[in-house]
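Listing of data-v4.txt; format and content: compact mmCIF, C-alpha atoms and all ligand atoms.
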```
# COMPACT_ATOMS: atom_id res chain seq x y z
CA MET A 1 -53.41 -0.15 30.63
CA ARG A 2 -55.21 -2.46 28.24
CA TYR A 3 -53.85 -0.42 25.33
CA LEU A 4 -50.35 -1.06 26.53
CA TYR A 5 -50.40 -4.82 25.90
CA PRO A 6 -50.44 -4.68 22.08
CA VAL A 7 -47.67 -2.10 22.22
CA LEU A 8 -45.56 -4.28 24.48
CA PHE A 9 -46.21 -7.27 22.28
CA PHE A 10 -45.10 -5.30 19.24
CA ILE A 11 -41.86 -4.22 20.92
CA THR A 12 -41.11 -7.76 22.07
CA SER A 13 -41.74 -9.24 18.64
CA LEU A 14 -39.35 -6.72 17.07
CA HIS A 15 -36.58 -8.24 19.12
CA ALA A 16 -37.33 -11.65 17.69
CA VAL A 17 -36.50 -10.42 14.17
CA ASP A 18 -32.96 -11.20 13.07
CA MET A 19 -31.49 -7.84 12.06
CA ARG A 20 -28.11 -9.28 11.13
CA PRO A 21 -28.84 -9.94 7.43
CA LEU A 22 -29.91 -6.28 7.13
CA LEU A 23 -26.76 -5.09 8.84
CA PHE A 24 -24.63 -7.24 6.57
CA ASN A 25 -26.47 -6.41 3.35
CA GLY A 26 -26.67 -2.71 4.16
CA ASN A 27 -23.07 -2.23 5.17
CA CYS A 28 -20.83 -4.86 3.64
CA VAL A 29 -22.29 -6.05 0.33
CA THR A 30 -21.52 -2.78 -1.49
CA CYS A 31 -17.87 -3.82 -1.42
CA HIS A 32 -18.04 -7.53 -0.57
CA HIS A 33 -20.24 -9.15 -3.19
CA THR A 34 -21.32 -12.72 -2.56
CA SER A 35 -18.85 -14.38 -4.86
CA ARG A 36 -17.71 -11.81 -7.43
CA THR A 37 -14.50 -9.98 -6.68
CA ILE A 38 -14.58 -6.36 -7.85
CA SER A 39 -13.41 -3.62 -5.47
CA ALA A 40 -12.77 -5.97 -2.55
CA PRO A 41 -12.52 -9.73 -1.96
CA SER A 42 -15.89 -11.52 -2.09
CA ILE A 43 -17.45 -12.54 1.21
CA VAL A 44 -17.00 -16.18 0.18
CA GLU A 45 -13.26 -15.60 -0.20
CA ILE A 46 -13.02 -13.78 3.15
CA LYS A 47 -14.98 -16.49 4.92
CA GLU A 48 -12.73 -19.22 3.48
CA ASN A 49 -9.61 -17.42 4.74
CA TYR A 50 -11.07 -16.84 8.19
CA LEU A 51 -12.40 -20.40 8.50
CA ARG A 52 -8.95 -21.75 7.64
CA ALA A 53 -7.38 -19.62 10.40
CA PHE A 54 -10.26 -19.91 12.91
CA PRO A 55 -12.39 -23.02 12.43
CA GLN A 56 -14.17 -22.52 15.78
CA LYS A 57 -17.02 -20.01 15.84
CA GLU A 58 -15.90 -18.16 18.99
CA ALA A 59 -12.38 -17.47 17.66
CA PHE A 60 -13.71 -16.61 14.17
CA VAL A 61 -16.21 -14.08 15.54
CA ALA A 62 -13.77 -12.62 18.08
CA TYR A 63 -11.01 -12.03 15.53
CA MET A 64 -13.17 -10.80 12.66
CA SER A 65 -15.27 -8.44 14.80
CA THR A 66 -12.19 -6.86 16.39
CA TRP A 67 -10.65 -6.37 12.96
CA VAL A 68 -13.81 -4.93 11.34
CA ALA A 69 -14.21 -2.48 14.26
CA LYS A 70 -10.65 -1.29 13.60
CA PRO A 71 -9.24 -2.42 10.23
CA ASN A 72 -5.44 -2.31 10.10
CA ILE A 73 -2.53 -3.86 8.28
CA GLU A 74 -0.82 -5.35 11.34
CA THR A 75 -3.62 -7.73 12.35
CA SER A 76 -4.92 -8.50 8.83
CA ILE A 77 -4.85 -12.16 7.83
CA MET A 78 -5.32 -11.23 4.14
CA HIS A 79 -2.22 -9.25 3.24
CA ASP A 80 -2.55 -10.14 -0.46
CA ALA A 81 -5.94 -8.40 -0.47
CA ILE A 82 -4.43 -5.28 1.11
CA ASP A 83 -1.67 -5.22 -1.53
CA LYS A 84 -4.34 -5.45 -4.21
CA TYR A 85 -7.12 -3.16 -2.88
CA GLU A 86 -5.56 -1.21 0.03
CA VAL A 87 -6.71 -1.66 3.59
CA MET A 88 -10.46 -1.60 4.26
CA PRO A 89 -11.76 1.79 5.46
CA ASP A 90 -12.79 2.14 9.11
CA LEU A 91 -16.61 2.07 8.97
CA GLY A 92 -17.01 3.16 12.58
CA PHE A 93 -18.76 0.03 13.86
CA ASP A 94 -18.92 -0.63 17.55
CA ILE A 95 -17.71 -4.05 18.65
CA SER A 96 -21.16 -5.40 19.46
CA THR A 97 -22.57 -4.67 15.96
CA SER A 98 -19.38 -6.00 14.47
CA ARG A 99 -19.78 -9.24 16.49
CA ASP A 100 -23.37 -9.67 15.27
CA ILE A 101 -22.29 -9.26 11.64
CA SER A 102 -19.32 -11.62 12.07
CA ALA A 103 -21.51 -14.30 13.66
CA TYR A 104 -23.94 -13.93 10.74
CA ILE A 105 -21.05 -14.42 8.28
CA TYR A 106 -19.93 -17.55 10.18
CA GLU A 107 -23.43 -19.05 10.17
CA THR A 108 -24.45 -18.20 6.60
CA ASP A 109 -23.86 -20.43 3.63
CA PHE A 110 -23.36 -17.78 0.97
CA SER A 111 -23.43 -20.34 -1.82
CA GLN A 112 -27.18 -20.70 -1.05
CA ILE A 113 -27.78 -16.97 -1.43
CA GLU A 114 -28.61 -15.26 -4.70
CA PRO A 115 -25.27 -14.10 -6.14
CA TYR A 116 -24.79 -10.38 -5.94
C1 LIG B 1 -15.77 0.57 1.12
C2 LIG B 1 -15.61 -0.82 0.85
C3 LIG B 1 -15.77 -1.82 1.98
C4 LIG B 1 -16.85 -1.99 2.84
C5 LIG B 1 -18.14 -1.19 2.88
C6 LIG B 1 -16.54 -3.15 3.67
N1 LIG B 1 -15.31 -3.64 3.35
FE1 LIG B 1 -14.39 -5.25 4.20
N2 LIG B 1 -12.78 -4.97 3.00
C7 LIG B 1 -12.65 -4.01 2.00
C8 LIG B 1 -11.40 -4.20 1.30
C9 LIG B 1 -10.89 -3.35 0.14
C10 LIG B 1 -10.77 -5.32 1.90
C11 LIG B 1 -9.44 -5.99 1.47
C12 LIG B 1 -8.24 -5.35 2.13
C13 LIG B 1 -8.13 -5.66 3.58
O1 LIG B 1 -8.07 -6.85 3.98
O2 LIG B 1 -8.10 -4.68 4.36
C14 LIG B 1 -11.65 -5.76 2.98
C15 LIG B 1 -11.36 -6.82 3.82
C16 LIG B 1 -12.23 -7.33 4.77
C17 LIG B 1 -11.93 -8.42 5.66
C18 LIG B 1 -10.60 -9.20 5.69
C19 LIG B 1 -9.76 -8.65 6.83
C20 LIG B 1 -8.32 -9.04 6.80
O3 LIG B 1 -7.95 -9.95 7.60
O4 LIG B 1 -7.54 -8.44 6.04
C21 LIG B 1 -13.03 -8.63 6.45
C22 LIG B 1 -13.20 -9.66 7.54
C23 LIG B 1 -14.01 -7.66 6.04
N3 LIG B 1 -13.51 -6.88 5.03
C24 LIG B 1 -15.27 -7.58 6.59
C25 LIG B 1 -16.19 -6.58 6.28
C26 LIG B 1 -17.49 -6.47 6.90
C27 LIG B 1 -18.04 -7.43 7.94
C28 LIG B 1 -18.09 -5.36 6.35
C29 LIG B 1 -19.43 -4.77 6.69
C30 LIG B 1 -19.62 -4.44 8.09
C31 LIG B 1 -17.16 -4.79 5.39
N4 LIG B 1 -16.02 -5.56 5.37
C32 LIG B 1 -17.41 -3.65 4.63
C33 LIG B 1 -13.58 -3.03 1.69
C34 LIG B 1 -14.80 -2.85 2.32
```
Would you encode the structure as structure tokens?
Amino acid sequence: MRYLYPVLFFITSLHAVDMRPLLFNGNCVTCHHTSRTISAPSIVEIKENYLRAFPQKEAFVAYMSTWVAKPNIETSIMHDAIDKYEVMPDLGFDISTSRDISAYIYETDFSQIEPY
């Protein structure tokens, strides 16, 4: 039993680590650079558009996470981007992961992050 405590502590402390930056950097940054626009709008540009439409966090996260879980033309709020780059591919995210990433985007000031 006494060997179990360090193990339990380790598992609990893993939960305290914020995995959202990893999820964002591992899955989104390939296309959405911080501020440069190459193959897709930059994350700064996307965030500006979404903040304009949904200033409140709950609405921002709800709309973006639903869209990212199932990208489509009908519910896009960036039709100019679709005309330019075509609609974003479906990356197969479940809604809960998509919500975590969207909340991270809402909370993060990308101007403070090393440009990528
Ligand atoms: C393979 C490239 C690629 C990857 C990877 C990618 N995106 Fe996109 N994304 C695009 C392109 C291209 C657009 C612009 C066209 C559009 O809006 O569909 C876009 C648009 C968006 C939009 C704007 C939606 C709208 O209203 O039109 C959001 C939000 C978004 N991406 C979030 C994400 C998030 C979050 C991730 C990571 C989980 C991600 N994207 C990963 C290519 C990508």
Could you tell me, counting only C-alpha atoms and all ligand atoms, which protein and nucleic acid residues lie no more than 7 Å from ligand LIG 1 (chain B), written as a ChimeraX atom specification?
/A:24,27-32,39-41,46,64,67-68,71-73,75-79,81-82,85-89,98,101-102
Just want the 8 Å neighbourhood of Phe110 in chain A, counted on all atoms listed in the file, with same-chain residues fewer than 6 positions away dropped. Output as JSON, numbers by chain.
{"A": [34, 43, 44]}
Neighbouring residues of Lys47 in chain A were defined as those with any atom within 9 Å, considering only C-alpha atoms; residues of the same chain fewer than 5 positions away were excluded. Please report them as a PyMOL selection string.
chain A and resi 42+52+105-106
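With only C-alpha atoms as the atoms that count, the minimum distance from Leu51 in chain A to the choices A:Lys70, A:Asp100, A:Met19, A:Glu107 is reached by A:Glu107.
Distance check against Asp80 in chain A using all atoms listed in the file: of A:Asn49, A:Ala59, A:Gly92, A:Arg99, the minimum falls on A:Asn49.
With CA of Tyr63 in chain A on one side and CA of Asp90 in chain A on the other, the separation reads 15.7 Å.
The spacing separating CA of Lys84 in chain A from CA of Ile38 in chain A amounts to 10.9 Å.
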Since the input is missing atoms for range 60-84 of chain A, could you rebuild it with N, CA and C atoms and give the result as a short mmCIF file (atom, residue, chain, number, x, y, z; two decimals), in the coordinates of the input?
```cif
data_model
loop_
_atom_site.label_atom_id
_atom_site.label_comp_id
_atom_site.auth_asym_id
_atom_site.auth_seq_id
_atom_site.Cartn_x
_atom_site.Cartn_y
_atom_site.Cartn_z
N PHE A 60 -13.38 -17.26 15.46
CA PHE A 60 -13.71 -16.61 14.17
C PHE A 60 -14.38 -15.26 14.44
N VAL A 61 -15.43 -15.30 15.26
CA VAL A 61 -16.21 -14.08 15.54
C VAL A 61 -15.35 -13.07 16.30
N ALA A 62 -14.58 -13.54 17.28
CA ALA A 62 -13.77 -12.62 18.08
C ALA A 62 -12.76 -11.89 17.20
N TYR A 63 -12.07 -12.65 16.34
CA TYR A 63 -11.01 -12.03 15.53
C TYR A 63 -11.60 -11.10 14.47
N MET A 64 -12.61 -11.61 13.75
CA MET A 64 -13.17 -10.80 12.66
C MET A 64 -13.82 -9.53 13.20
N SER A 65 -14.56 -9.63 14.30
CA SER A 65 -15.27 -8.44 14.80
C SER A 65 -14.28 -7.39 15.31
N THR A 66 -13.20 -7.82 15.92
CA THR A 66 -12.19 -6.86 16.39
C THR A 66 -11.56 -6.17 15.19
N TRP A 67 -11.29 -6.94 14.15
CA TRP A 67 -10.65 -6.37 12.96
C TRP A 67 -11.59 -5.39 12.24
N VAL A 68 -12.85 -5.79 12.07
CA VAL A 68 -13.81 -4.93 11.34
C VAL A 68 -14.05 -3.63 12.12
N ALA A 69 -14.02 -3.70 13.46
CA ALA A 69 -14.21 -2.48 14.26
C ALA A 69 -13.01 -1.55 14.12
N LYS A 70 -11.85 -2.12 13.77
CA LYS A 70 -10.65 -1.29 13.60
C LYS A 70 -9.72 -1.92 12.57
N PRO A 71 -10.06 -1.76 11.27
CA PRO A 71 -9.24 -2.42 10.23
C PRO A 71 -7.82 -1.87 10.23
N ASN A 72 -6.84 -2.75 10.15
CA ASN A 72 -5.44 -2.31 10.10
C ASN A 72 -4.58 -3.39 9.49
N ILE A 73 -3.43 -2.95 8.99
CA ILE A 73 -2.53 -3.86 8.28
C ILE A 73 -1.93 -4.90 9.22
N GLU A 74 -1.55 -4.47 10.41
CA GLU A 74 -0.82 -5.35 11.34
C GLU A 74 -1.58 -6.63 11.66
N THR A 75 -2.89 -6.54 11.91
CA THR A 75 -3.62 -7.73 12.35
C THR A 75 -4.41 -8.39 11.20
N SER A 76 -4.23 -7.89 9.97
CA SER A 76 -4.92 -8.50 8.83
C SER A 76 -4.42 -9.93 8.62
N ILE A 77 -5.32 -10.83 8.22
CA ILE A 77 -4.85 -12.16 7.83
C ILE A 77 -4.93 -12.31 6.30
N MET A 78 -5.22 -11.19 5.60
CA MET A 78 -5.32 -11.23 4.14
C MET A 78 -4.43 -10.15 3.53
N HIS A 79 -3.14 -10.29 3.72
CA HIS A 79 -2.22 -9.25 3.24
C HIS A 79 -2.23 -9.11 1.71
N ASP A 80 -2.47 -10.21 1.00
CA ASP A 80 -2.55 -10.14 -0.46
C ASP A 80 -3.67 -9.19 -0.88
N ALA A 81 -4.79 -9.26 -0.14
CA ALA A 81 -5.94 -8.40 -0.47
C ALA A 81 -5.58 -6.93 -0.22
N ILE A 82 -4.83 -6.67 0.82
CA ILE A 82 -4.43 -5.28 1.11
C ILE A 82 -3.51 -4.77 0.01
N ASP A 83 -2.57 -5.62 -0.44
CA ASP A 83 -1.67 -5.22 -1.53
C ASP A 83 -2.48 -4.86 -2.78
N LYS A 84 -3.55 -5.62 -3.00
CA LYS A 84 -4.34 -5.45 -4.21
C LYS A 84 -5.33 -4.28 -4.12
#
```
